[in-house]
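Inspection log for the structure reproduced underneath, given as structure tokens.
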Amino acid sequence: MDQTAEEKMVRERIRKKVNEVSSASQSLLSPVQDHINFTLQKAYFKCAYECFDRTRTHAEISRCAESCSVPITNAQNYFDNEMSVFQERLNRSLVVCQDKFEVAKQQKTRSEAVNDLEHCVNQTVDEAVKTLPNLVSRMKKALSITD
């Protein structure tokens with residue numbers, strides 16, 4: 001097999017491996033997202049509905065409805081921040097793999113360097129996926145989600 005065909009196969013395997021993180025995170029995080037998108041959203045609408053009272057001024061209604069949005073806004077911000085930290089950590093690790101690959105190309109055959117890159121990416125992805133259950137558990141605890 002020629003070098004470019006082998007590299008294309010490795011690149012495809014790396015792409016599939018990186019997609020494993022996305023699949024695993026979507027699967028594991030769906031209860032948290034459901035809680036935010038449905039449970040908290042429903043509570044927000046119920047709360048906001050109660051704000052509309054003819055005895056209140058427009059400003060009071062606005063303040064009341066705004067205060068109803070605080071729990072869902074806080075939960076979504078927390079979720080987004082946690083996912084951002086997870087993604088940044090994964091990206092940094094993948095950049096390290098790329099840096100190692102660039103150095104390895106100078107010291108080894110291209111084929112060995114590509115294999116090292118694939119090994120590094122596989123290890124990085126596996127480690128990231130292993131952290132997801134703990135991340136989900138932490139989020140569930142912070143958002144008071146019971147199974």
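Scheme for the structure tokens: letters A, B, ... for chains in order shown; per-chain residue numbers from 1; ligand numbers from 1 in order shown.
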
Per residue of range 47-140 of chain A within 10 Å of range 5-17 of chain A, note the shortest atom pair and the distance in Å to one decimal, counting only C-alpha atoms, and order the rows by chain and increasing residue number, as a Markdown table.
```
| residue | atom | partner | partner_atom | distance |
| --- | --- | --- | --- | --- |
| A:Arg110 | CA | A:Glu7 | CA | 9.1 |
| A:Ser111 | CA | A:Glu7 | CA | 7.7 |
| A:Val114 | CA | A:Glu7 | CA | 6.9 |
| A:Asn115 | CA | A:Val10 | CA | 7.6 |
| A:Leu117 | CA | A:Ile14 | CA | 8.7 |
| A:Glu118 | CA | A:Ile14 | CA | 6.1 |
| A:His119 | CA | A:Ile14 | CA | 9.1 |
| A:Cys120 | CA | A:Ile14 | CA | 9.8 |
| A:Val121 | CA | A:Ile14 | CA | 6.8 |
| A:Asn122 | CA | A:Lys17 | CA | 6.5 |
| A:Gln123 | CA | A:Lys17 | CA | 9.8 |
| A:Thr124 | CA | A:Lys17 | CA | 9.7 |
| A:Val125 | CA | A:Lys17 | CA | 6.9 |
| A:Asp126 | CA | A:Lys17 | CA | 8.7 |
```

### Close residues, range 26-30 of chain A itself excluded, 8 Å, only C-alpha atoms, min 6 positions apart in chain, as a ChimeraX atom specification
/A:132-133,136

### Task
Mind checking which residues fall within 12 Å of Asn77 in chain A, counting only C-alpha atoms, ignoring those fewer than 5 positions away in the same chain, and posting them as a PyMOL selection string?
chain A and resi 33+36+70-72+82-84+139+143

What's the 9 Å shell around range 41-48 of chain A, counting only C-alpha atoms, without same-chain residues fewer than 3 positions away, as a PDB file with N, CA, C and O atoms, in the first residue's frame?
```pdb
ATOM      1  N   HIS A  35     -33.010  17.888  31.207  1.00  0.00           N
ATOM      2  CA  HIS A  35     -33.394  18.597  32.427  1.00  0.00           C
ATOM      3  C   HIS A  35     -33.457  20.104  32.164  1.00  0.00           C
ATOM      4  O   HIS A  35     -34.420  20.768  32.558  1.00  0.00           O
ATOM      5  N   ILE A  36     -32.447  20.616  31.488  1.00  0.00           N
ATOM      6  CA  ILE A  36     -32.419  22.050  31.193  1.00  0.00           C
ATOM      7  C   ILE A  36     -33.511  22.414  30.184  1.00  0.00           C
ATOM      8  O   ILE A  36     -34.267  23.361  30.390  1.00  0.00           O
ATOM      9  N   ASN A  37     -33.581  21.650  29.099  1.00  0.00           N
ATOM     10  CA  ASN A  37     -34.495  21.990  28.010  1.00  0.00           C
ATOM     11  C   ASN A  37     -35.961  21.729  28.314  1.00  0.00           C
ATOM     12  O   ASN A  37     -36.827  22.352  27.695  1.00  0.00           O
ATOM     13  N   PHE A  38     -36.249  20.809  29.202  1.00  0.00           N
ATOM     14  CA  PHE A  38     -37.642  20.477  29.467  1.00  0.00           C
ATOM     15  C   PHE A  38     -38.066  20.825  30.889  1.00  0.00           C
ATOM     16  O   PHE A  38     -38.962  21.637  31.089  1.00  0.00           O
ATOM     17  N   CYS A  51     -46.719  35.448  36.595  1.00  0.00           N
ATOM     18  CA  CYS A  51     -46.355  36.867  36.688  1.00  0.00           C
ATOM     19  C   CYS A  51     -47.424  37.769  36.073  1.00  0.00           C
ATOM     20  O   CYS A  51     -47.533  38.942  36.440  1.00  0.00           O
ATOM     21  N   PHE A  52     -48.177  37.234  35.141  1.00  0.00           N
ATOM     22  CA  PHE A  52     -49.161  38.062  34.442  1.00  0.00           C
ATOM     23  C   PHE A  52     -50.436  38.171  35.263  1.00  0.00           C
ATOM     24  O   PHE A  52     -51.293  37.310  35.268  1.00  0.00           O
ATOM     25  N   ILE A  61     -44.336  43.021  36.144  1.00  0.00           N
ATOM     26  CA  ILE A  61     -44.467  41.788  35.361  1.00  0.00           C
ATOM     27  C   ILE A  61     -43.129  41.438  34.716  1.00  0.00           C
ATOM     28  O   ILE A  61     -42.696  40.273  34.756  1.00  0.00           O
ATOM     29  N   CYS A  64     -40.722  40.176  37.368  1.00  0.00           N
ATOM     30  CA  CYS A  64     -41.133  38.845  37.800  1.00  0.00           C
ATOM     31  C   CYS A  64     -40.720  37.797  36.758  1.00  0.00           C
ATOM     32  O   CYS A  64     -40.129  36.777  37.099  1.00  0.00           O
ATOM     33  N   ALA A  65     -41.042  38.048  35.491  1.00  0.00           N
ATOM     34  CA  ALA A  65     -40.700  37.101  34.419  1.00  0.00           C
ATOM     35  C   ALA A  65     -39.186  36.936  34.300  1.00  0.00           C
ATOM     36  O   ALA A  65     -38.684  35.831  34.076  1.00  0.00           O
ATOM     37  N   GLU A  66     -38.470  38.041  34.479  1.00  0.00           N
ATOM     38  CA  GLU A  66     -37.010  37.975  34.411  1.00  0.00           C
ATOM     39  C   GLU A  66     -36.458  37.109  35.547  1.00  0.00           C
ATOM     40  O   GLU A  66     -35.541  36.309  35.343  1.00  0.00           O
ATOM     41  N   SER A  67     -37.026  37.253  36.728  1.00  0.00           N
ATOM     42  CA  SER A  67     -36.546  36.441  37.853  1.00  0.00           C
ATOM     43  C   SER A  67     -36.867  34.958  37.629  1.00  0.00           C
ATOM     44  O   SER A  67     -36.140  34.091  38.121  1.00  0.00           O
ATOM     45  N   CYS A  68     -37.913  34.676  36.886  1.00  0.00           N
ATOM     46  CA  CYS A  68     -38.251  33.281  36.565  1.00  0.00           C
ATOM     47  C   CYS A  68     -37.194  32.632  35.669  1.00  0.00           C
ATOM     48  O   CYS A  68     -37.015  31.416  35.695  1.00  0.00           O
ATOM     49  N   SER A  69     -36.515  33.453  34.894  1.00  0.00           N
ATOM     50  CA  SER A  69     -35.528  32.917  33.950  1.00  0.00           C
ATOM     51  C   SER A  69     -34.174  32.627  34.591  1.00  0.00           C
ATOM     52  O   SER A  69     -33.332  31.969  33.985  1.00  0.00           O
ATOM     53  N   VAL A  70     -33.982  33.095  35.821  1.00  0.00           N
ATOM     54  CA  VAL A  70     -32.674  32.936  36.468  1.00  0.00           C
ATOM     55  C   VAL A  70     -32.242  31.469  36.596  1.00  0.00           C
ATOM     56  O   VAL A  70     -31.110  31.130  36.217  1.00  0.00           O
ATOM     57  N   PRO A  71     -33.096  30.558  37.076  1.00  0.00           N
ATOM     58  CA  PRO A  71     -32.630  29.171  37.207  1.00  0.00           C
ATOM     59  C   PRO A  71     -32.205  28.531  35.883  1.00  0.00           C
ATOM     60  O   PRO A  71     -31.156  27.879  35.814  1.00  0.00           O
ATOM     61  N   ILE A  72     -32.990  28.739  34.841  1.00  0.00           N
ATOM     62  CA  ILE A  72     -32.627  28.124  33.552  1.00  0.00           C
ATOM     63  C   ILE A  72     -31.385  28.788  32.957  1.00  0.00           C
ATOM     64  O   ILE A  72     -30.526  28.112  32.390  1.00  0.00           O
TER      65      ILE A  72
END
```

#### Entry: Computed interatomic separation between CA of Ala75 in chain A and CA of Val129 in chain A (Å)
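CA of Ala75 in chain A sits 22.6 Å away from CA of Val129 in chain A.
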
### Selection near Gln87 in chain A, 12 Å with only C-alpha atoms, sequence-local residues under 4 positions removed, as number ranges by chain
A: 18, 21-22, 25, 80-83, 91-94, 125, 128-129, 131-132

With C-alpha atoms retained, write the just-selected residues as a PDB file, in the first residue's frame.
```pdb
ATOM      1  CA  VAL A  18     -12.513  11.866  17.508  1.00  0.00           C
ATOM      2  CA  VAL A  21     -16.135  11.841  21.929  1.00  0.00           C
ATOM      3  CA  SER A  22     -19.074  13.610  20.352  1.00  0.00           C
ATOM      4  CA  SER A  25     -20.905  13.088  25.215  1.00  0.00           C
ATOM      5  CA  ASP A  80     -21.940  25.632  28.680  1.00  0.00           C
ATOM      6  CA  ASN A  81     -18.979  26.467  30.927  1.00  0.00           C
ATOM      7  CA  GLU A  82     -18.384  22.826  31.904  1.00  0.00           C
ATOM      8  CA  MET A  83     -18.558  21.735  28.268  1.00  0.00           C
ATOM      9  CA  ASN A  91      -8.309  20.426  22.125  1.00  0.00           C
ATOM     10  CA  ARG A  92      -5.108  21.066  24.074  1.00  0.00           C
ATOM     11  CA  SER A  93      -4.406  17.337  24.200  1.00  0.00           C
ATOM     12  CA  LEU A  94      -5.010  16.987  20.468  1.00  0.00           C
ATOM     13  CA  VAL A 125      -9.952  10.374  23.030  1.00  0.00           C
ATOM     14  CA  ALA A 128     -11.565  12.208  27.412  1.00  0.00           C
ATOM     15  CA  VAL A 129     -14.398   9.687  27.148  1.00  0.00           C
ATOM     16  CA  THR A 131     -13.857  11.651  32.141  1.00  0.00           C
ATOM     17  CA  LEU A 132     -17.417  12.073  30.847  1.00  0.00           C
TER      18      LEU A 132
END
```

### Query
If you measure from CA of Phe101 in chain A to CA of Ala113 in chain A, what distance in Å do you get, rounded to one decimal?
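Separating CA of Phe101 in chain A from CA of Ala113 in chain A is a distance of 5.7 Å.
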
## Note on the structure
CA of Lys100 in chain A sits from CA of Thr4 in chain A at a separation of 19.8 Å
